[in-house]
>>> print(open('model_0.cif').read())   # mmCIF, C-alpha atoms
data_model
#
loop_
_atom_site.group_PDB
_atom_site.id
_atom_site.type_symbol
_atom_site.label_atom_id
_atom_site.label_comp_id
_atom_site.auth_asym_id
_atom_site.auth_seq_id
_atom_site.Cartn_x
_atom_site.Cartn_y
_atom_site.Cartn_z
ATOM 1 C CA MET A 1 -61.391 161.411 8.912
ATOM 2 C CA LYS A 2 -60.625 164.495 11.048
ATOM 3 C CA LYS A 3 -57.495 165.173 8.972
ATOM 4 C CA LEU A 4 -59.514 164.989 5.766
ATOM 5 C CA ILE A 5 -62.104 167.461 7.101
ATOM 6 C CA THR A 6 -59.338 169.809 8.335
ATOM 7 C CA ILE A 7 -57.608 169.741 4.935
ATOM 8 C CA PHE A 8 -60.939 170.328 3.171
ATOM 9 C CA LEU A 9 -61.782 173.317 5.423
ATOM 10 C CA ALA A 10 -58.301 174.807 4.993
ATOM 11 C CA ALA A 11 -58.643 174.513 1.204
ATOM 12 C CA MET A 12 -62.073 176.206 1.307
ATOM 13 C CA ILE A 13 -60.702 179.103 3.384
ATOM 14 C CA ILE A 14 -57.832 179.646 0.932
ATOM 15 C CA VAL A 15 -60.199 179.619 -2.064
ATOM 16 C CA THR A 16 -62.512 182.083 -0.296
ATOM 17 C CA LEU A 17 -59.667 184.470 0.544
ATOM 18 C CA ILE A 18 -58.339 184.387 -3.021
ATOM 19 C CA GLY A 19 -61.819 185.177 -4.358
ATOM 20 C CA CYS A 20 -62.236 188.137 -2.009
ATOM 21 C CA GLY A 21 -58.964 189.650 -3.146
ATOM 22 C CA ASN A 22 -60.049 189.887 -6.794
ATOM 23 C CA LYS A 23 -62.972 192.296 -6.446
ATOM 24 C CA ASP A 24 -62.789 195.345 -8.714
ATOM 25 C CA SER A 25 -64.421 198.699 -8.055
ATOM 26 C CA ASN A 26 -64.554 202.225 -9.455
ATOM 27 C CA ASN A 27 -64.594 203.560 -5.917
ATOM 28 C CA GLY A 28 -60.830 203.888 -5.739
ATOM 29 C CA ASN A 29 -58.040 201.559 -4.817
ATOM 30 C CA GLN A 30 -59.293 201.231 -1.221
ATOM 31 C CA GLY A 31 -55.811 200.983 0.236
ATOM 32 C CA GLY A 32 -54.393 198.688 -2.459
ATOM 33 C CA GLN A 33 -50.899 199.202 -3.800
ATOM 34 C CA SER A 34 -50.263 201.253 -6.909
ATOM 35 C CA LYS A 35 -47.174 200.696 -9.016
ATOM 36 C CA TYR A 36 -46.688 204.485 -9.010
ATOM 37 C CA THR A 37 -45.172 206.279 -6.040
ATOM 38 C CA GLU A 38 -46.648 209.697 -6.806
ATOM 39 C CA SER A 39 -48.672 211.626 -9.372
ATOM 40 C CA LEU A 40 -45.540 212.906 -11.068
ATOM 41 C CA ASP A 41 -44.570 209.306 -11.946
ATOM 42 C CA VAL A 42 -47.880 208.883 -13.788
ATOM 43 C CA LEU A 43 -47.338 211.909 -16.034
ATOM 44 C CA LYS A 44 -43.684 211.029 -16.646
ATOM 45 C CA GLU A 45 -44.735 207.589 -17.903
ATOM 46 C CA ILE A 46 -47.066 209.222 -20.422
ATOM 47 C CA VAL A 47 -44.439 211.691 -21.652
ATOM 48 C CA LYS A 48 -41.995 208.796 -22.219
ATOM 49 C CA VAL A 49 -44.195 207.340 -24.980
ATOM 50 C CA TYR A 50 -44.615 210.584 -26.927
ATOM 51 C CA LYS A 51 -42.930 210.575 -30.322
ATOM 52 C CA GLU A 52 -40.580 213.491 -30.909
ATOM 53 C CA ASP A 53 -42.958 215.176 -33.376
ATOM 54 C CA GLN A 54 -45.861 214.913 -30.877
ATOM 55 C CA LEU A 55 -44.160 216.694 -27.972
ATOM 56 C CA PHE A 56 -44.904 220.335 -27.318
ATOM 57 C CA ALA A 57 -43.204 222.980 -25.211
ATOM 58 C CA MET A 58 -44.506 222.504 -21.685
ATOM 59 C CA TYR A 59 -43.967 223.375 -18.078
ATOM 60 C CA GLY A 60 -44.992 221.449 -15.002
ATOM 61 C CA GLY A 61 -45.728 222.147 -11.355
ATOM 62 C CA ASN A 62 -47.052 225.174 -9.533
ATOM 63 C CA GLN A 63 -45.466 228.637 -9.881
ATOM 64 C CA GLU A 64 -42.949 228.198 -7.053
ATOM 65 C CA ASN A 65 -41.852 224.730 -8.232
ATOM 66 C CA ALA A 66 -42.168 225.134 -12.002
ATOM 67 C CA VAL A 67 -39.998 222.974 -14.242
ATOM 68 C CA MET A 68 -39.491 223.478 -17.952
ATOM 69 C CA ASP A 69 -40.084 220.875 -20.683
ATOM 70 C CA ALA A 70 -41.358 218.220 -18.268
ATOM 71 C CA PRO A 71 -44.222 217.451 -15.904
ATOM 72 C CA GLY A 72 -43.748 218.830 -12.392
ATOM 73 C CA LYS A 73 -45.003 218.295 -8.862
ATOM 74 C CA PHE A 74 -47.866 220.604 -7.858
ATOM 75 C CA ASP A 75 -48.248 221.718 -4.226
ATOM 76 C CA VAL A 76 -51.766 220.627 -3.173
ATOM 77 C CA GLY A 77 -51.810 223.407 -0.580
ATOM 78 C CA LYS A 78 -52.041 225.959 -3.416
ATOM 79 C CA THR A 79 -55.836 225.607 -3.727
ATOM 80 C CA GLU A 80 -56.390 228.848 -5.650
ATOM 81 C CA GLU A 81 -53.622 228.007 -8.124
ATOM 82 C CA LEU A 82 -54.945 224.447 -8.519
ATOM 83 C CA ASP A 83 -58.297 225.897 -9.553
ATOM 84 C CA VAL A 84 -57.031 228.701 -11.806
ATOM 85 C CA THR A 85 -54.274 226.704 -13.527
ATOM 86 C CA LEU A 86 -55.725 223.180 -13.648
ATOM 87 C CA GLY A 87 -59.471 223.647 -13.170
ATOM 88 C CA PHE A 88 -59.352 221.665 -9.929
ATOM 89 C CA PRO A 89 -62.301 222.389 -7.591
ATOM 90 C CA LYS A 90 -61.369 223.711 -4.150
ATOM 91 C CA SER A 91 -64.038 221.442 -2.651
ATOM 92 C CA GLN A 92 -61.949 218.396 -3.610
ATOM 93 C CA THR A 93 -58.573 219.390 -2.111
ATOM 94 C CA ALA A 94 -59.198 217.317 1.033
ATOM 95 C CA ASN A 95 -59.564 214.230 -1.202
ATOM 96 C CA ILE A 96 -56.078 214.237 -2.752
ATOM 97 C CA GLU A 97 -52.648 213.387 -1.379
ATOM 98 C CA ASP A 98 -50.519 214.829 -4.149
ATOM 99 C CA ALA A 99 -50.668 216.290 -7.641
ATOM 100 C CA ALA A 100 -48.575 216.920 -10.739
ATOM 101 C CA SER A 101 -49.171 218.873 -13.924
ATOM 102 C CA MET A 102 -48.034 219.424 -17.488
ATOM 103 C CA VAL A 103 -49.272 222.535 -19.295
ATOM 104 C CA HIS A 104 -48.671 223.848 -22.825
ATOM 105 C CA MET A 105 -46.062 226.601 -22.551
ATOM 106 C CA MET A 106 -47.845 229.100 -24.818
ATOM 107 C CA ASN A 107 -51.479 228.595 -23.840
ATOM 108 C CA GLY A 108 -53.042 226.308 -21.232
ATOM 109 C CA ASN A 109 -56.190 226.051 -23.338
ATOM 110 C CA ILE A 110 -54.211 224.187 -26.002
ATOM 111 C CA PHE A 111 -53.306 221.567 -23.369
ATOM 112 C CA THR A 112 -53.505 221.295 -19.593
ATOM 113 C CA GLY A 113 -53.031 217.940 -17.915
ATOM 114 C CA ALA A 114 -52.813 216.887 -14.288
ATOM 115 C CA ALA A 115 -52.605 213.729 -12.205
ATOM 116 C CA TYR A 116 -53.956 213.424 -8.673
ATOM 117 C CA ARG A 117 -53.426 210.688 -6.096
ATOM 118 C CA LEU A 118 -56.724 210.112 -4.307
ATOM 119 C CA LYS A 119 -56.837 209.430 -0.593
ATOM 120 C CA SER A 120 -57.980 205.944 0.344
ATOM 121 C CA GLY A 121 -61.739 205.471 0.274
ATOM 122 C CA ILE A 122 -62.554 208.406 -2.048
ATOM 123 C CA ASN A 123 -65.161 207.512 -4.663
ATOM 124 C CA MET A 124 -63.404 208.001 -7.997
ATOM 125 C CA ASN A 125 -66.585 208.557 -10.013
ATOM 126 C CA ASP A 126 -67.834 211.279 -7.621
ATOM 127 C CA PHE A 127 -64.388 212.899 -7.683
ATOM 128 C CA ALA A 128 -64.282 212.819 -11.504
ATOM 129 C CA GLU A 129 -67.771 214.329 -11.722
ATOM 130 C CA ALA A 130 -66.796 217.221 -9.405
ATOM 131 C CA VAL A 131 -63.695 217.977 -11.496
ATOM 132 C CA LYS A 132 -65.686 217.733 -14.737
ATOM 133 C CA THR A 133 -68.354 220.128 -13.427
ATOM 134 C CA ASN A 134 -65.705 222.643 -12.335
ATOM 135 C CA ILE A 135 -63.808 222.567 -15.638
ATOM 136 C CA LEU A 136 -66.948 222.815 -17.784
ATOM 137 C CA ALA A 137 -68.076 225.847 -15.740
ATOM 138 C CA LYS A 138 -64.806 227.774 -16.331
ATOM 139 C CA GLN A 139 -64.833 231.103 -18.134
ATOM 140 C CA TRP A 140 -62.218 230.726 -20.885
ATOM 141 C CA MET A 141 -59.850 233.458 -22.010
ATOM 142 C CA CYS A 142 -57.574 233.309 -25.076
ATOM 143 C CA GLY A 143 -59.650 230.631 -26.799
ATOM 144 C CA GLN A 144 -61.586 227.675 -25.513
ATOM 145 C CA PRO A 145 -60.351 224.069 -25.295
ATOM 146 C CA ASP A 146 -62.219 221.478 -27.355
ATOM 147 C CA THR A 147 -62.187 218.350 -25.190
ATOM 148 C CA LEU A 148 -62.033 217.211 -21.569
ATOM 149 C CA ILE A 149 -60.772 213.731 -20.676
ATOM 150 C CA ILE A 150 -60.645 212.123 -17.222
ATOM 151 C CA ILE A 151 -58.784 208.824 -16.799
ATOM 152 C CA ASN A 152 -58.714 206.301 -13.933
ATOM 153 C CA VAL A 153 -55.227 204.904 -13.330
ATOM 154 C CA ASP A 154 -55.272 201.757 -11.161
ATOM 155 C CA GLY A 155 -58.035 203.034 -8.886
ATOM 156 C CA THR A 156 -55.571 205.328 -7.084
ATOM 157 C CA TYR A 157 -54.788 208.121 -9.544
ATOM 158 C CA VAL A 158 -57.012 210.326 -11.662
ATOM 159 C CA ILE A 159 -55.725 212.154 -14.727
ATOM 160 C CA THR A 160 -57.580 215.204 -15.982
ATOM 161 C CA ALA A 161 -56.716 216.875 -19.270
ATOM 162 C CA TYR A 162 -58.322 219.414 -21.530
ATOM 163 C CA GLY A 163 -57.267 221.106 -24.725
ATOM 164 C CA GLU A 164 -57.284 221.149 -28.512
ATOM 165 C CA ALA A 165 -58.898 218.044 -30.035
ATOM 166 C CA GLU A 166 -55.881 216.651 -31.916
ATOM 167 C CA ILE A 167 -53.492 217.110 -28.972
ATOM 168 C CA MET A 168 -56.071 215.518 -26.671
ATOM 169 C CA GLN A 169 -56.390 212.471 -28.928
ATOM 170 C CA ILE A 170 -52.609 211.986 -28.883
ATOM 171 C CA PHE A 171 -52.524 212.426 -25.093
ATOM 172 C CA LYS A 172 -55.331 209.908 -24.572
ATOM 173 C CA THR A 173 -53.695 207.326 -26.852
ATOM 174 C CA ASN A 174 -50.337 207.777 -25.120
ATOM 175 C CA ALA A 175 -51.838 207.640 -21.620
ATOM 176 C CA LEU A 176 -53.788 204.448 -22.319
ATOM 177 C CA SER A 177 -50.750 202.765 -23.876
ATOM 178 C CA ALA A 178 -48.278 203.916 -21.187
ATOM 179 C CA LEU A 179 -50.388 203.151 -18.115
ATOM 180 C CA SER A 180 -51.406 199.529 -17.708
ATOM 181 C CA GLY A 181 -55.115 199.188 -16.949
ATOM 182 C CA ALA A 182 -55.898 202.895 -17.379
ATOM 183 C CA GLN A 183 -59.523 203.589 -18.322
ATOM 184 C CA VAL A 184 -61.303 206.674 -19.610
ATOM 185 C CA ILE A 185 -63.975 207.773 -17.120
ATOM 186 C CA THR A 186 -65.115 210.840 -19.055
ATOM 187 C CA GLU A 187 -64.508 212.196 -22.534
ATOM 188 C CA THR A 188 -66.650 215.179 -23.407
ATOM 189 C CA PRO A 189 -66.575 218.249 -25.627
ATOM 190 C CA ILE A 190 -66.215 221.606 -23.889
ATOM 191 C CA VAL A 191 -68.986 223.890 -25.110
#
>>> encode(input="model_0.cif", output="structure tokens")
Amino acid sequence: MKKLITIFLAAMIIVTLIGCGNKDSNNGNQGGQSKYTESLDVLKEIVKVYKEDQLFAMYGGNQENAVMDAPGKFDVGKTEELDVTLGFPKSQTANIEDAASMVHMMNGNIFTGAAYRLKSGINMNDFAEAVKTNILAKQWMCGQPDTLIIINVDGTYVITAYGEAEIMQIFKTNALSALSGAQVITETPIV
């Protein structure tokens, strides 16, 4: 009888632990493992699914680390450049571990995209709202982008992108198809 009770209790503990491991949240990955090592991997996965006629001339990274025709790593210590180039609010720099960008070569208002790896425990929805508020408050020069999109990638990464409507639609479609489980948090016109 004691063996039967012990086996029953062990089975109940296993079932309980399995159930606890399946909780989902928009508050970030909370220390879980992402399949991506860094933000640059996220953007590279998206670029891989672009058809040849969809690609545009781009550069990636911050000024000191710029790469041509590909996404690039962005130094998160460059807070002023993060804000000016990507629309990233300075108030959020303590909440990210790394960043990467891809920007239209001729005009960032046609397309600017970035990926950020959030630190563990950062509320993704609050983070997305702060970025959205900062981008929508920008003063635009050389034309205004049409659309802003913010995407959750596995609860660890956030993608922000703004630009011309048709290019944004292609980017969104490619991001959602390239990144398993990616979800749009925000999609809004820029007015």
>>> atom_distance(input="model_0.cif", atom1="atom CA of A:Ser34", atom2="atom CA of A:Glu64")
27.9 Å
>>> closest_residue(input="model_0.cif", among="A:Met124, A:Cys142, A:Ile190, A:Val49", to="A:Gly163", atoms="all atoms listed in the file")
A:Ile190
>>> closest_atom_pairs(input="model_0.cif", of="stretch 121-158 of chain A", to="stretch 92-113 of chain A", cutoff="9 Å", atoms="all atoms listed in the file", output="JSON lines")
{"residue": "A:Ile122", "atom": "CA", "partner": "A:Asn95", "partner_atom": "CA", "distance": 6.6}
{"residue": "A:Phe127", "atom": "CA", "partner": "A:Gln92", "partner_atom": "CA", "distance": 7.3}
{"residue": "A:Ala130", "atom": "CA", "partner": "A:Gln92", "partner_atom": "CA", "distance": 7.6}
{"residue": "A:Val131", "atom": "CA", "partner": "A:Gln92", "partner_atom": "CA", "distance": 8.1}
{"residue": "A:Trp140", "atom": "CA", "partner": "A:Asn109", "partner_atom": "CA", "distance": 8.0}
{"residue": "A:Met141", "atom": "CA", "partner": "A:Asn109", "partner_atom": "CA", "distance": 8.4}
{"residue": "A:Cys142", "atom": "CA", "partner": "A:Asn109", "partner_atom": "CA", "distance": 7.6}
{"residue": "A:Gly143", "atom": "CA", "partner": "A:Asn109", "partner_atom": "CA", "distance": 6.7}
{"residue": "A:Gln144", "atom": "CA", "partner": "A:Asn109", "partner_atom": "CA", "distance": 6.0}
{"residue": "A:Pro145", "atom": "CA", "partner": "A:Asn109", "partner_atom": "CA", "distance": 5.0}
{"residue": "A:Asp146", "atom": "CA", "partner": "A:Ile110", "partner_atom": "CA", "distance": 8.6}
>>> closest_residue(input="model_0.cif", among="A:Ala175, A:Ala137, A:Ile170, A:Ala165", to="A:Ile151", atoms="all atoms listed in the file")
A:Ala175
>>> closest_residue(input="model_0.cif", among="A:Pro71, A:Thr173, A:Asn62, A:Ser91", to="A:Val47", atoms="only C-alpha atoms")
A:Pro71
>>> resolve_selection(input="model_0.cif", expression="the PyMOL selection byres ((chain A and resi 189) around 12)", output="ChimeraX atom specification")
/A:132,135-136,144-150,161-165,168,186-188,190-191
>>> residues_around(input="model_0.cif", residues="A:Lys73", least_positions_apart="4", cutoff="12 Å", atoms="only C-alpha atoms", output="PyMOL selection string")
chain A and resi 38-44+59-68+77-78+82+97-102+114-117
>>> write_last_selection(input="model_0.cif", atoms="C-alpha atoms", output="tab-separated table (two decimals), keeping the file's coordinate frame")
chain	number	residue	atom	x	y	z
A	38	GLU	CA	-46.65	209.70	-6.81
A	39	SER	CA	-48.67	211.63	-9.37
A	40	LEU	CA	-45.54	212.91	-11.07
A	41	ASP	CA	-44.57	209.31	-11.95
A	42	VAL	CA	-47.88	208.88	-13.79
A	43	LEU	CA	-47.34	211.91	-16.03
A	44	LYS	CA	-43.68	211.03	-16.65
A	59	TYR	CA	-43.97	223.38	-18.08
A	60	GLY	CA	-44.99	221.45	-15.00
A	61	GLY	CA	-45.73	222.15	-11.36
A	62	ASN	CA	-47.05	225.17	-9.53
A	63	GLN	CA	-45.47	228.64	-9.88
A	64	GLU	CA	-42.95	228.20	-7.05
A	65	ASN	CA	-41.85	224.73	-8.23
A	66	ALA	CA	-42.17	225.13	-12.00
A	67	VAL	CA	-40.00	222.97	-14.24
A	68	MET	CA	-39.49	223.48	-17.95
A	77	GLY	CA	-51.81	223.41	-0.58
A	78	LYS	CA	-52.04	225.96	-3.42
A	82	LEU	CA	-54.94	224.45	-8.52
A	97	GLU	CA	-52.65	213.39	-1.38
A	98	ASP	CA	-50.52	214.83	-4.15
A	99	ALA	CA	-50.67	216.29	-7.64
A	100	ALA	CA	-48.58	216.92	-10.74
A	101	SER	CA	-49.17	218.87	-13.92
A	102	MET	CA	-48.03	219.42	-17.49
A	114	ALA	CA	-52.81	216.89	-14.29
A	115	ALA	CA	-52.60	213.73	-12.20
A	116	TYR	CA	-53.96	213.42	-8.67
A	117	ARG	CA	-53.43	210.69	-6.10
>>> closest_residue(input="model_0.cif", among="A:Ile185, A:Ile167, A:Tyr50, A:Lys138", to="A:Leu86", atoms="all atoms listed in the file")
A:Lys138
>>> atom_distance(input="model_0.cif", atom1="atom CA of A:Ser177", atom2="atom CA of A:Val153")
11.7 Å
>>> atom_distance(input="model_0.cif", atom1="atom CA of A:Leu176", atom2="atom CA of A:Asn152")
9.9 Å
>>> closest_residue(input="model_0.cif", among="A:Ala178, A:Glu166, A:Gln183, A:Gln139", to="A:Val84", atoms="only C-alpha atoms")
A:Gln139
>>> resolve_selection(input="model_0.cif", expression="the PyMOL selection byres ((chain A and resi 56) around 9)", output="ChimeraX atom specification")
/A:52-55,57-58,69,104-105
>>> build_atoms(input="model_0.cif", residues="stretch 101-121 of chain A", atoms="N, CA and C atoms", output="CSV table (one decimal), in the coordinates of the input")
chain,number,residue,atom,x,y,z
A,101,SER,N,-48.5,218.3,-12.7
A,101,SER,CA,-49.2,218.9,-13.9
A,101,SER,C,-48.2,219.0,-15.1
A,102,MET,N,-48.8,219.1,-16.3
A,102,MET,CA,-48.0,219.4,-17.5
A,102,MET,C,-49.0,220.3,-18.3
A,103,VAL,N,-48.5,221.5,-18.7
A,103,VAL,CA,-49.3,222.5,-19.3
A,103,VAL,C,-48.5,223.1,-20.5
A,104,HIS,N,-49.3,223.3,-21.6
A,104,HIS,CA,-48.7,223.8,-22.8
A,104,HIS,C,-48.1,225.2,-22.5
A,105,MET,N,-46.8,225.4,-22.9
A,105,MET,CA,-46.1,226.6,-22.6
A,105,MET,C,-46.7,227.9,-23.0
A,106,MET,N,-47.3,227.9,-24.2
A,106,MET,CA,-47.8,229.1,-24.8
A,106,MET,C,-49.3,229.4,-24.4
A,107,ASN,N,-50.1,228.4,-24.2
A,107,ASN,CA,-51.5,228.6,-23.8
A,107,ASN,C,-52.1,227.3,-23.2
A,108,GLY,N,-52.5,227.4,-22.0
A,108,GLY,CA,-53.0,226.3,-21.2
A,108,GLY,C,-54.3,225.8,-21.9
A,109,ASN,N,-55.0,226.5,-22.7
A,109,ASN,CA,-56.2,226.1,-23.3
A,109,ASN,C,-55.9,225.1,-24.5
A,110,ILE,N,-54.6,225.1,-25.0
A,110,ILE,CA,-54.2,224.2,-26.0
A,110,ILE,C,-54.0,222.8,-25.4
A,111,PHE,N,-53.4,222.8,-24.1
A,111,PHE,CA,-53.3,221.6,-23.4
A,111,PHE,C,-53.0,221.9,-21.9
A,112,THR,N,-53.8,221.3,-21.0
A,112,THR,CA,-53.5,221.3,-19.6
A,112,THR,C,-53.8,219.9,-19.1
A,113,GLY,N,-52.8,219.3,-18.5
A,113,GLY,CA,-53.0,217.9,-17.9
A,113,GLY,C,-52.5,217.9,-16.5
A,114,ALA,N,-53.2,217.0,-15.7
A,114,ALA,CA,-52.8,216.9,-14.3
A,114,ALA,C,-53.1,215.5,-13.9
A,115,ALA,N,-52.4,215.0,-12.8
A,115,ALA,CA,-52.6,213.7,-12.2
A,115,ALA,C,-52.7,214.0,-10.7
A,116,TYR,N,-53.7,213.3,-10.1
A,116,TYR,CA,-54.0,213.4,-8.7
A,116,TYR,C,-54.0,212.0,-8.0
A,117,ARG,N,-53.3,211.9,-6.9
A,117,ARG,CA,-53.4,210.7,-6.1
A,117,ARG,C,-54.6,210.9,-5.1
A,118,LEU,N,-55.6,210.0,-5.2
A,118,LEU,CA,-56.7,210.1,-4.3
A,118,LEU,C,-56.4,209.5,-3.0
A,119,LYS,N,-57.0,210.0,-1.9
A,119,LYS,CA,-56.8,209.4,-0.6
A,119,LYS,C,-57.7,208.2,-0.6
A,120,SER,N,-57.3,207.2,0.2
A,120,SER,CA,-58.0,205.9,0.3
A,120,SER,C,-59.5,206.2,0.7
A,121,GLY,N,-60.3,205.4,0.0
A,121,GLY,CA,-61.7,205.5,0.3
A,121,GLY,C,-62.5,206.5,-0.5
